[in-house]
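Asker: Below is the file my_file_23.json, with JSON, C-alpha atoms.
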[["chain", "number", "residue", "atom", "x", "y", "z"],
["A", 1, "MET", "CA", -44.18, -64.93, -189.59],
["A", 2, "MET", "CA", -44.17, -61.17, -190.35],
["A", 3, "ASN", "CA", -42.00, -59.93, -187.43],
["A", 4, "ALA", "CA", -39.40, -61.49, -185.15],
["A", 5, "VAL", "CA", -41.28, -60.29, -182.08],
["A", 6, "PHE", "CA", -45.03, -60.17, -181.65],
["A", 7, "ILE", "CA", -47.75, -58.62, -179.47],
["A", 8, "ALA", "CA", -50.62, -60.69, -178.08],
["A", 9, "LEU", "CA", -54.03, -59.10, -178.18],
["A", 10, "ILE", "CA", -57.11, -60.75, -176.60],
["A", 11, "VAL", "CA", -60.30, -58.98, -177.69],
["A", 12, "LEU", "CA", -62.93, -59.18, -174.93],
["A", 13, "ALA", "CA", -66.69, -59.69, -175.31],
["A", 14, "GLY", "CA", -66.28, -60.85, -178.92],
["A", 15, "ALA", "CA", -65.64, -57.26, -180.07],
["A", 16, "CYS", "CA", -63.75, -56.87, -183.34],
["A", 17, "ALA", "CA", -61.75, -53.70, -184.14],
["A", 18, "GLN", "CA", -62.52, -52.03, -187.45],
["A", 19, "LYS", "CA", -59.81, -50.63, -189.73],
["A", 20, "GLN", "CA", -59.55, -46.83, -189.87],
["A", 21, "PRO", "CA", -57.79, -44.59, -192.45],
["A", 22, "LEU", "CA", -54.33, -43.50, -191.34],
["A", 23, "GLY", "CA", -53.68, -40.09, -189.82],
["A", 24, "ARG", "CA", -57.28, -39.26, -188.93],
["A", 25, "SER", "CA", -58.40, -38.21, -185.46],
["A", 26, "ASP", "CA", -61.28, -40.73, -185.65],
["A", 27, "SER", "CA", -58.71, -43.57, -185.86],
["A", 28, "ILE", "CA", -57.34, -42.34, -182.54],
["A", 29, "SER", "CA", -60.72, -42.34, -180.81],
["A", 30, "THR", "CA", -61.55, -45.81, -182.22],
["A", 31, "ALA", "CA", -58.22, -47.18, -181.00],
["A", 32, "ALA", "CA", -58.81, -45.62, -177.59],
["A", 33, "SER", "CA", -62.16, -47.41, -177.25],
["A", 34, "ILE", "CA", -60.59, -50.73, -178.26],
["A", 35, "GLU", "CA", -57.86, -50.25, -175.68],
["A", 36, "ALA", "CA", -60.34, -50.86, -172.86],
["A", 37, "GLN", "CA", -61.19, -54.24, -174.45],
["A", 38, "THR", "CA", -57.60, -55.29, -175.09],
["A", 39, "THR", "CA", -55.23, -57.32, -172.94],
["A", 40, "VAL", "CA", -51.62, -58.01, -173.81],
["A", 41, "GLN", "CA", -49.58, -60.75, -172.15],
["A", 42, "THR", "CA", -46.19, -59.83, -170.70],
["A", 43, "THR", "CA", -43.23, -61.10, -172.69],
["A", 44, "ALA", "CA", -40.85, -63.74, -171.50],
["A", 45, "GLN", "CA", -38.64, -62.98, -174.47],
["A", 46, "ALA", "CA", -37.12, -59.60, -173.46],
["A", 47, "THR", "CA", -33.34, -59.92, -173.88],
["A", 48, "SER", "CA", -30.71, -58.35, -171.64],
["A", 49, "GLU", "CA", -29.83, -56.00, -174.51],
["A", 50, "GLN", "CA", -33.45, -54.87, -174.74],
["A", 51, "LYS", "CA", -33.61, -54.26, -170.99],
["A", 52, "ALA", "CA", -30.37, -52.24, -171.15],
["A", 53, "VAL", "CA", -31.78, -50.00, -173.90],
["A", 54, "THR", "CA", -35.00, -49.47, -171.94],
["A", 55, "SER", "CA", -33.02, -48.66, -168.79],
["A", 56, "GLU", "CA", -30.88, -46.17, -170.68],
["A", 57, "VAL", "CA", -33.96, -44.37, -172.06],
["A", 58, "LEU", "CA", -35.63, -44.22, -168.66],
["A", 59, "GLU", "CA", -32.48, -43.02, -166.87],
["A", 60, "ALA", "CA", -31.98, -40.25, -169.43],
["A", 61, "ASP", "CA", -35.60, -39.19, -169.05],
["A", 62, "ASP", "CA", -35.36, -39.16, -165.25],
["A", 63, "ALA", "CA", -32.10, -37.21, -165.30],
["A", 64, "ILE", "CA", -33.59, -34.29, -167.22],
["A", 65, "ALA", "CA", -37.16, -34.37, -165.91],
["A", 66, "GLU", "CA", -38.28, -30.91, -164.84],
["A", 67, "GLU", "CA", -41.71, -31.90, -163.58],
["A", 68, "PRO", "CA", -43.65, -35.16, -163.15],
["A", 69, "ALA", "CA", -44.58, -36.68, -166.51],
["A", 70, "LEU", "CA", -47.97, -38.10, -167.32],
["A", 71, "GLU", "CA", -48.04, -41.71, -166.14],
["A", 72, "PRO", "CA", -47.58, -43.90, -169.25],
["A", 73, "VAL", "CA", -50.65, -45.96, -170.13],
["A", 74, "SER", "CA", -50.03, -49.69, -169.77],
["A", 75, "ILE", "CA", -51.53, -52.50, -171.86],
["A", 76, "GLY", "CA", -51.01, -55.85, -170.18],
["A", 77, "GLY", "CA", -47.76, -54.65, -168.58],
["A", 78, "ALA", "CA", -46.39, -52.81, -171.62],
["A", 79, "SER", "CA", -45.96, -49.01, -171.50],
["A", 80, "LEU", "CA", -44.60, -46.33, -173.80],
["A", 81, "VAL", "CA", -41.62, -44.08, -173.00],
["A", 82, "CYS", "CA", -40.61, -41.17, -175.30],
["A", 83, "LEU", "CA", -38.00, -38.42, -175.01],
["A", 84, "TYR", "CA", -36.20, -35.85, -177.10],
["A", 85, "PRO", "CA", -32.52, -36.80, -177.51],
["A", 86, "GLN", "CA", -29.76, -34.35, -176.57],
["A", 87, "GLY", "CA", -28.06, -32.00, -179.03],
["A", 88, "GLN", "CA", -31.02, -30.64, -181.01],
["A", 89, "GLN", "CA", -30.54, -27.17, -182.41],
["A", 90, "GLN", "CA", -32.57, -24.13, -181.40],
["A", 91, "GLY", "CA", -34.31, -22.76, -184.48],
["A", 92, "SER", "CA", -34.81, -26.11, -186.25],
["A", 93, "GLU", "CA", -37.95, -26.72, -188.30],
["A", 94, "THR", "CA", -38.18, -30.36, -187.13],
["A", 95, "TYR", "CA", -37.16, -32.30, -184.01],
["A", 96, "GLN", "CA", -36.49, -35.97, -183.30],
["A", 97, "LEU", "CA", -38.25, -38.08, -180.69],
["A", 98, "GLU", "CA", -37.08, -41.49, -179.51],
["A", 99, "CYS", "CA", -39.77, -43.88, -178.26],
["A", 100, "GLN", "CA", -39.63, -47.37, -176.79],
["A", 101, "ILE", "CA", -42.09, -49.88, -175.39],
["A", 102, "LYS", "CA", -41.12, -50.85, -171.88],
["A", 103, "ASP", "CA", -41.84, -54.50, -170.89],
["A", 104, "PRO", "CA", -42.94, -55.44, -174.40],
["A", 105, "ALA", "CA", -45.58, -58.02, -174.91],
["A", 106, "GLU", "CA", -45.61, -61.65, -176.05],
["A", 107, "ILE", "CA", -46.35, -63.64, -179.20],
["A", 108, "SER", "CA", -49.53, -64.27, -181.08],
["A", 109, "ALA", "CA", -50.45, -61.52, -183.53],
["A", 110, "PRO", "CA", -47.73, -59.78, -185.57],
["A", 111, "ILE", "CA", -47.31, -56.00, -185.43],
["A", 112, "LEU", "CA", -48.17, -54.80, -188.91],
["A", 113, "ARG", "CA", -47.26, -51.18, -188.22],
["A", 114, "ALA", "CA", -47.23, -48.50, -185.51],
["A", 115, "GLU", "CA", -48.47, -44.93, -185.82],
["A", 116, "PHE", "CA", -47.60, -42.03, -183.51],
["A", 117, "PHE", "CA", -49.51, -38.81, -182.83],
["A", 118, "LYS", "CA", -49.11, -35.69, -180.74],
["A", 119, "ILE", "CA", -52.56, -35.06, -179.23],
["A", 120, "ASP", "CA", -54.20, -32.02, -177.67],
["A", 121, "GLU", "CA", -56.65, -31.76, -174.75],
["A", 122, "GLN", "CA", -59.56, -32.72, -177.03],
["A", 123, "GLY", "CA", -57.71, -35.80, -178.32],
["A", 124, "LYS", "CA", -57.16, -34.29, -181.76],
["A", 125, "GLY", "CA", -54.05, -35.83, -183.27],
["A", 126, "SER", "CA", -51.20, -34.57, -185.41],
["A", 127, "GLN", "CA", -49.31, -37.49, -186.92],
["A", 128, "LEU", "CA", -45.56, -37.88, -186.44],
["A", 129, "THR", "CA", -43.28, -39.34, -189.12],
["A", 130, "VAL", "CA", -41.61, -42.67, -188.32],
["A", 131, "GLN", "CA", -37.99, -42.27, -189.46],
["A", 132, "SER", "CA", -36.79, -45.69, -188.35],
["A", 133, "GLN", "CA", -37.83, -48.61, -186.17],
["A", 134, "ASP", "CA", -36.46, -51.78, -184.60],
["A", 135, "LEU", "CA", -39.25, -54.22, -183.81],
["A", 136, "ASN", "CA", -36.81, -56.54, -182.02],
["A", 137, "LEU", "CA", -36.03, -53.82, -179.47],
["A", 138, "PHE", "CA", -39.44, -52.13, -179.76],
["A", 139, "THR", "CA", -37.82, -48.76, -180.52],
["A", 140, "TRP", "CA", -38.87, -46.00, -182.93],
["A", 141, "VAL", "CA", -37.26, -42.74, -184.05],
["A", 142, "LEU", "CA", -39.86, -40.10, -184.93],
["A", 143, "LEU", "CA", -39.70, -36.76, -186.69],
["A", 144, "GLU", "CA", -41.91, -33.89, -185.47],
["A", 145, "LYS", "CA", -42.76, -30.59, -187.13],
["A", 146, "VAL", "CA", -41.95, -27.60, -184.95],
["A", 147, "GLU", "CA", -45.53, -26.31, -184.86],
["A", 148, "ASN", "CA", -46.55, -29.28, -182.68],
["A", 149, "ILE", "CA", -43.70, -28.94, -180.18],
["A", 150, "TYR", "CA", -45.90, -27.69, -177.32],
["A", 151, "LEU", "CA", -48.26, -30.66, -177.54],
["A", 152, "ALA", "CA", -46.78, -32.88, -174.84],
["A", 153, "ASN", "CA", -49.05, -35.94, -175.03],
["A", 154, "ILE", "CA", -48.02, -38.77, -177.36],
["A", 155, "GLN", "CA", -50.28, -41.59, -178.51],
["A", 156, "MET", "CA", -49.06, -44.77, -180.20],
["A", 157, "ILE", "CA", -51.48, -46.92, -182.20],
["A", 158, "ILE", "CA", -50.33, -50.52, -182.70],
["A", 159, "HIS", "CA", -51.89, -52.31, -185.68],
["A", 160, "THR", "CA", -52.18, -56.12, -185.80],
["A", 161, "PRO", "CA", -54.35, -58.51, -187.86],
["A", 162, "ASN", "CA", -56.62, -58.82, -184.80],
["A", 163, "GLY", "CA", -57.23, -55.08, -184.42],
["A", 164, "THR", "CA", -55.51, -52.12, -182.77],
["A", 165, "ALA", "CA", -54.29, -51.16, -179.31],
["A", 166, "THR", "CA", -52.99, -47.85, -177.96],
["A", 167, "LEU", "CA", -50.26, -46.71, -175.62],
["A", 168, "THR", "CA", -49.85, -43.11, -174.44],
["A", 169, "THR", "CA", -47.20, -41.11, -172.62],
["A", 170, "LYS", "CA", -46.00, -37.52, -172.16],
["A", 171, "VAL", "CA", -42.84, -35.57, -172.85],
["A", 172, "SER", "CA", -42.29, -32.42, -170.78],
["A", 173, "ILE", "CA", -38.91, -31.01, -171.84],
["A", 174, "LEU", "CA", -36.68, -30.50, -174.87],
["A", 175, "ASN", "CA", -32.93, -29.96, -174.49],
["A", 176, "LEU", "CA", -31.65, -27.30, -176.91],
["A", 177, "GLU", "CA", -28.26, -26.39, -178.34],
["A", 178, "LEU", "CA", -28.44, -22.59, -178.47],
["A", 179, "ALA", "CA", -28.32, -20.60, -181.70],
["A", 180, "ALA", "CA", -26.72, -17.16, -181.28],
["A", 181, "ARG", "CA", -29.14, -15.41, -183.65],
["A", 182, "PHE", "CA", -31.96, -15.73, -181.10],
["A", 183, "TRP", "CA", -29.95, -14.08, -178.28],
["A", 184, "LEU", "CA", -28.85, -10.56, -177.43],
["A", 185, "GLY", "CA", -25.18, -9.89, -178.10],
["A", 186, "GLY", "CA", -23.01, -11.43, -175.36],
["A", 187, "GLU", "CA", -25.90, -13.43, -173.89],
["A", 188, "PRO", "CA", -26.49, -15.70, -172.04],
["A", 189, "ASN", "CA", -23.77, -14.54, -169.62],
["A", 190, "ASN", "CA", -25.08, -15.83, -166.25],
["A", 191, "SER", "CA", -24.40, -12.57, -164.44],
["A", 192, "VAL", "CA", -24.75, -12.91, -160.65],
["A", 193, "GLN", "CA", -26.67, -10.28, -158.69],
["A", 194, "ALA", "CA", -27.30, -10.44, -154.94],
["A", 195, "GLY", "CA", -26.02, -14.00, -154.98],
["A", 196, "GLU", "CA", -28.54, -15.21, -157.59],
["A", 197, "GLU", "CA", -27.46, -16.53, -160.97],
["A", 198, "GLU", "CA", -29.31, -15.84, -164.22],
["A", 199, "ASP", "CA", -30.94, -19.19, -164.89],
["A", 200, "CYS", "CA", -34.22, -18.25, -166.63],
["A", 201, "ALA", "CA", -34.78, -16.75, -170.06],
["A", 202, "GLU", "CA", -36.74, -13.66, -171.11],
["A", 203, "TRP", "CA", -37.61, -12.11, -174.47],
["A", 204, "GLN", "CA", -37.06, -8.34, -174.80],
["A", 205, "ASN", "CA", -38.63, -5.65, -176.92],
["A", 206, "LEU", "CA", -36.65, -3.47, -179.32],
["A", 207, "ALA", "CA", -36.02, -0.73, -176.75],
["A", 208, "ALA", "CA", -34.45, -3.26, -174.34],
["A", 209, "LYS", "CA", -32.38, -4.73, -177.19],
["A", 210, "GLN", "CA", -31.04, -1.28, -178.05],
["A", 211, "VAL", "CA", -30.07, -0.64, -174.41],
["A", 212, "ASN", "CA", -28.14, -3.90, -174.38],
["A", 213, "GLU", "CA", -26.35, -3.14, -177.64],
["A", 214, "THR", "CA", -25.34, 0.33, -176.44],
["A", 215, "ALA", "CA", -24.00, -1.01, -173.15],
["A", 216, "SER", "CA", -22.18, -4.05, -174.55],
["A", 217, "GLY", "CA", -21.29, -2.96, -178.07],
["A", 218, "LEU", "CA", -22.44, -6.43, -179.19],
["A", 219, "THR", "CA", -25.22, -7.63, -181.45],
["A", 220, "ASN", "CA", -26.34, -10.94, -182.91],
["A", 221, "GLY", "CA", -28.56, -9.43, -185.58],
["A", 222, "PRO", "CA", -32.18, -8.23, -185.80],
["A", 223, "LEU", "CA", -33.92, -11.35, -184.45],
["A", 224, "GLY", "CA", -32.02, -11.83, -181.21],
["A", 225, "ARG", "CA", -34.03, -10.78, -178.15],
["A", 226, "LEU", "CA", -33.34, -13.59, -175.62],
["A", 227, "ASN", "CA", -31.54, -12.81, -172.37],
["A", 228, "ASP", "CA", -30.89, -14.80, -169.19],
["A", 229, "ASN", "CA", -32.16, -13.20, -165.98],
["A", 230, "GLN", "CA", -32.68, -14.02, -162.30],
["A", 231, "CYS", "CA", -35.65, -16.39, -162.02],
["A", 232, "SER", "CA", -37.10, -14.40, -159.12],
["A", 233, "THR", "CA", -37.63, -11.29, -161.28],
["A", 234, "ILE", "CA", -41.31, -10.27, -161.49],
["A", 235, "GLN", "CA", -42.59, -9.74, -165.02],
["A", 236, "ARG", "CA", -45.22, -10.92, -167.52],
["A", 237, "PHE", "CA", -45.17, -14.06, -169.69],
["A", 238, "ILE", "CA", -45.30, -14.68, -173.43],
["A", 239, "CYS", "CA", -48.21, -16.91, -174.49],
["A", 240, "LYS", "CA", -48.94, -18.54, -177.85],
["A", 241, "ASN", "CA", -52.33, -19.48, -179.27],
["A", 242, "LYS", "CA", -52.92, -23.26, -179.36],
["A", 243, "ASP", "CA", -55.06, -22.80, -182.48],
["A", 244, "LEU", "CA", -52.47, -22.81, -185.26],
["A", 245, "THR", "CA", -54.97, -21.23, -187.68],
["A", 246, "SER", "CA", -55.63, -18.20, -185.49],
["A", 247, "ALA", "CA", -54.48, -14.81, -186.75],
["A", 248, "GLN", "CA", -53.75, -13.80, -183.13],
["A", 249, "LYS", "CA", -50.69, -16.01, -182.54],
["A", 250, "TRP", "CA", -49.16, -14.18, -179.55],
["A", 251, "MET", "CA", -50.39, -12.53, -176.40],
["A", 252, "ILE", "CA", -48.84, -11.20, -173.19],
["A", 253, "SER", "CA", -50.19, -12.55, -169.91],
["A", 254, "THR", "CA", -52.11, -10.23, -167.61],
["A", 255, "ILE", "CA", -50.44, -12.09, -164.72],
["A", 256, "GLN", "CA", -47.04, -10.96, -163.49],
["A", 257, "GLY", "CA", -44.78, -13.26, -161.53],
["A", 258, "ALA", "CA", -41.45, -14.97, -161.04],
["A", 259, "PHE", "CA", -40.46, -17.60, -163.61],
["A", 260, "GLN", "CA", -41.82, -20.47, -161.49],
["A", 261, "ASP", "CA", -45.31, -18.93, -161.66],
["A", 262, "TYR", "CA", -45.62, -19.94, -165.33],
["A", 263, "PRO", "CA", -48.20, -22.75, -164.84],
["A", 264, "LYS", "CA", -50.94, -20.20, -164.07],
["A", 265, "ALA", "CA", -49.73, -17.42, -166.37],
["A", 266, "CYS", "CA", -51.39, -18.08, -169.74],
["A", 267, "PRO", "CA", -55.18, -18.16, -170.18],
["A", 268, "ALA", "CA", -57.20, -21.06, -171.61],
["A", 269, "GLY", "CA", -56.38, -21.69, -175.24],
["A", 270, "TYR", "CA", -52.76, -20.51, -174.94],
["A", 271, "HIS", "CA", -49.37, -22.13, -174.20],
["A", 272, "PHE", "CA", -46.52, -20.54, -172.26],
["A", 273, "ALA", "CA", -44.23, -20.32, -175.27],
["A", 274, "MET", "CA", -41.37, -18.71, -177.19],
["A", 275, "PRO", "CA", -40.42, -18.41, -180.86],
["A", 276, "MET", "CA", -38.98, -21.62, -182.28],
["A", 277, "THR", "CA", -38.03, -20.43, -185.78],
["A", 278, "ASP", "CA", -36.78, -17.26, -187.46],
["A", 279, "ALA", "CA", -40.28, -16.52, -188.80],
["A", 280, "GLU", "CA", -41.81, -16.88, -185.33],
["A", 281, "ALA", "CA", -39.13, -14.62, -183.83],
["A", 282, "GLN", "CA", -39.92, -11.96, -186.39],
["A", 283, "SER", "CA", -43.67, -12.24, -185.79],
["A", 284, "LEU", "CA", -43.24, -11.97, -182.00],
["A", 285, "ASN", "CA", -40.95, -8.93, -182.36],
["A", 286, "THR", "CA", -43.52, -7.27, -184.61],
["A", 287, "PHE", "CA", -46.21, -7.98, -182.00],
["A", 288, "ILE", "CA", -44.44, -6.81, -178.82],
["A", 289, "ASP", "CA", -42.55, -3.73, -180.04],
["A", 290, "PRO", "CA", -45.63, -1.45, -180.30],
["A", 291, "LEU", "CA", -47.21, -2.67, -177.04],
["A", 292, "ALA", "CA", -45.55, -0.38, -174.53],
["A", 293, "PRO", "CA", -43.08, 2.52, -174.63],
["A", 294, "GLY", "CA", -39.69, 1.98, -173.06],
["A", 295, "VAL", "CA", -37.88, -1.18, -172.02],
["A", 296, "THR", "CA", -40.09, -4.26, -171.67],
["A", 297, "LYS", "CA", -39.14, -7.87, -170.92],
["A", 298, "TYR", "CA", -41.20, -11.07, -170.76],
["A", 299, "TRP", "CA", -40.62, -14.61, -169.49],
["A", 300, "VAL", "CA", -40.30, -17.49, -171.99],
["A", 301, "PRO", "CA", -40.20, -21.25, -171.12],
["A", 302, "LEU", "CA", -36.42, -21.72, -171.29],
["A", 303, "HIS", "CA", -33.99, -22.21, -168.39],
["A", 304, "ASP", "CA", -30.68, -23.77, -167.33],
["A", 305, "ARG", "CA", -31.46, -24.17, -163.62],
["A", 306, "ASP", "CA", -30.41, -27.84, -163.56],
["A", 307, "ALA", "CA", -27.01, -27.43, -165.23],
["A", 308, "GLU", "CA", -25.37, -24.15, -166.19],
["A", 309, "GLY", "CA", -25.37, -23.64, -169.95],
["A", 310, "LYS", "CA", -27.68, -26.63, -170.62],
["A", 311, "PHE", "CA", -30.91, -24.93, -171.62],
["A", 312, "ILE", "CA", -34.23, -26.77, -171.38],
["A", 313, "LEU", "CA", -37.44, -25.79, -173.14],
["A", 314, "LEU", "CA", -40.51, -26.53, -171.00],
["A", 315, "LEU", "CA", -43.42, -28.12, -172.84],
["A", 316, "ASN", "CA", -47.05, -27.80, -171.79]]
Could you render the structure from this file as structure tokens?
Answerer:
Amino acid sequence: MMNAVFIALIVLAGACAQKQPLGRSDSISTAASIEAQTTVQTTAQATSEQKAVTSEVLEADDAIAEEPALEPVSIGGASLVCLYPQGQQQGSETYQLECQIKDPAEISAPILRAEFFKIDEQGKGSQLTVQSQDLNLFTWVLLEKVENIYLANIQMIIHTPNGTATLTTKVSILNLELAARFWLGGEPNNSVQAGEEEDCAEWQNLAAKQVNETASGLTNGPLGRLNDNQCSTIQRFICKNKDLTSAQKWMISTIQGAFQDYPKACPAGYHFAMPMTDAEAQSLNTFIDPLAPGVTKYWVPLHDRDAEGKFILLLN
């Protein structure tokens, strides 16, 4: 017996899943087609410890949810739940994801391995690294490269001797521990104006940064351009090209609006985004500084509306 806990797969209509090379987008599409032919029986073996872990994951996800998540895909009663754990540092090159199968399935064919992908609207996958796993609790810790952070859809491919099955889910937010080098000196300060707190983040051009430094006498270095502002302020949005190979990485939306207008701000092919690394901060600064004379500020997908000082990055 290869694993302590197993998944049952019943392949309908005599279809047999073919093996695919790992990490290729065609393995994802093959697994997706097999999913429609696959049924998994609900487990009678879930322990109270397993249920407690699942409950903890779901409660944490619900507590920080900014917007409705994509409904997890279920196979025979099993569904996938993933979230970013607390305490991850702004400016990191990689981020952790914690995933768990809710209502795991019953015996019959052993799980040989599980693969995880971030997928885009066309179903193209970028594979995530499995750092650790516990097949008794059906939990996995994944490592993601920062360039894929705005891909919110996650696909899990489960491999067994009988074939493959898939589960999918969505993550919509990432909690960040702030790094001072990305912020203007003295920010975020949650200044209150006309009874409204500063709960939404903007990125400023060099002229705005210089105004802040003159007024406050504070600086966090050349990269820092983030500032917290009233969410009702009307301004444009920073957008990032979804095509990672494109030379035109950044653009500014033609739409102006309050922070909550972000879903309609960026055109097709772009994410509402902000710099995630030092190199991206430098490239955005180089892009926006020549755009317009004078002070200019733009919305980025970062806010602490739910809890003061607890900043959340919105994912697309």
Asker: For region 186-196 of chain A, find every residue with an atom within 7 Å (counting all atoms listed in the file), except residues of its own chain fewer than 4 positions away, and show them as a list in words.
Answerer: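 Selected residues are Leu218, Asn227, Asp228 and Gln230 of chain A.
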Asker: By how many Å are CA of Phe182 (chain A) and CA of Asp278 (chain A) apart?
Answerer: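 That distance, rounded to one decimal, is 8.1 Å.
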Asker: Return the single residue from A:Leu315, A:Leu167, A:Leu206, A:Ala78 that is closest to Ala152 (chain A), with distances computed using all atoms listed in the file.
Answerer: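 The answer is A:Leu315, which sits nearest to Ala152 (chain A).
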Asker: Between A:Phe272, A:Trp299, A:Trp250, A:Phe287, which one has atoms that come closest to Tyr150 (chain A), using only C-alpha atoms?
Answerer: A:Phe272
Asker: Write out as a count of residues only each polymer residue whose atoms come within 8 Å of Pro301 (chain A), counting only C-alpha atoms; drop sequence neighbours fewer than 3 positions from it.
Answerer: 7
Asker: Considering only C-alpha atoms, give me a table of residues in region 75-132 of chain A that are at most 9 Å from region 159-162 of chain A, with the closest atom pair and distance in Å for each, as JSON lines.
Answerer:
{"residue": "A:Ala109", "atom": "CA", "partner": "A:Thr160", "partner_atom": "CA", "distance": 6.1}
{"residue": "A:Pro110", "atom": "CA", "partner": "A:Thr160", "partner_atom": "CA", "distance": 5.8}
{"residue": "A:Ile111", "atom": "CA", "partner": "A:Thr160", "partner_atom": "CA", "distance": 4.9}
{"residue": "A:Leu112", "atom": "CA", "partner": "A:Thr160", "partner_atom": "CA", "distance": 5.2}
{"residue": "A:Arg113", "atom": "CA", "partner": "A:His159", "partner_atom": "CA", "distance": 5.4}
{"residue": "A:Ala114", "atom": "CA", "partner": "A:His159", "partner_atom": "CA", "distance": 6.0}
{"residue": "A:Glu115", "atom": "CA", "partner": "A:His159", "partner_atom": "CA", "distance": 8.1}
Asker: Using all atoms listed in the file, which protein or nucleic acid residues come within 9 Å of Pro222 (chain A)? Drop anything in the same chain fewer than 2 positions from it, and give the result as an mmCIF file with C-alpha atoms, in the frame of the given file.
Answerer:
data_model
loop_
_atom_site.group_PDB
_atom_site.id
_atom_site.type_symbol
_atom_site.label_atom_id
_atom_site.label_comp_id
_atom_site.auth_asym_id
_atom_site.auth_seq_id
_atom_site.Cartn_x
_atom_site.Cartn_y
_atom_site.Cartn_z
ATOM 1 C CA ARG A 181 -29.140 -15.410 -183.650
ATOM 2 C CA PHE A 182 -31.960 -15.730 -181.100
ATOM 3 C CA THR A 219 -25.220 -7.630 -181.450
ATOM 4 C CA ASN A 220 -26.340 -10.940 -182.910
ATOM 5 C CA GLY A 224 -32.020 -11.830 -181.210
ATOM 6 C CA ARG A 225 -34.030 -10.780 -178.150
ATOM 7 C CA GLN A 282 -39.920 -11.960 -186.390
#
Asker: What's around Leu174 (chain A) at 12 Å? Count all atoms listed in the file, leave out sequence neighbours fewer than 4 positions away in its own chain, and write the answer as a PyMOL selection string.
Answerer: chain A and resi 61+64-66+82-90+95-98+146+149-152+170+178+276+301-304+310-316
Asker: In terms of the shortest atom-to-atom distance over only C-alpha atoms, which of A:Ala165, A:Ala207, A:Ile173, A:Val73 is closest to Asp289 (chain A)?
Answerer: A:Ala207
Asker: Need to verify the contact set: Ser79 (chain A), 9 Å, only C-alpha atoms, exclusion of same-chain residues closer than 6 positions in sequence. Can you return it as a ChimeraX atom specification?
Answerer: /A:72-73,100-104,167-169
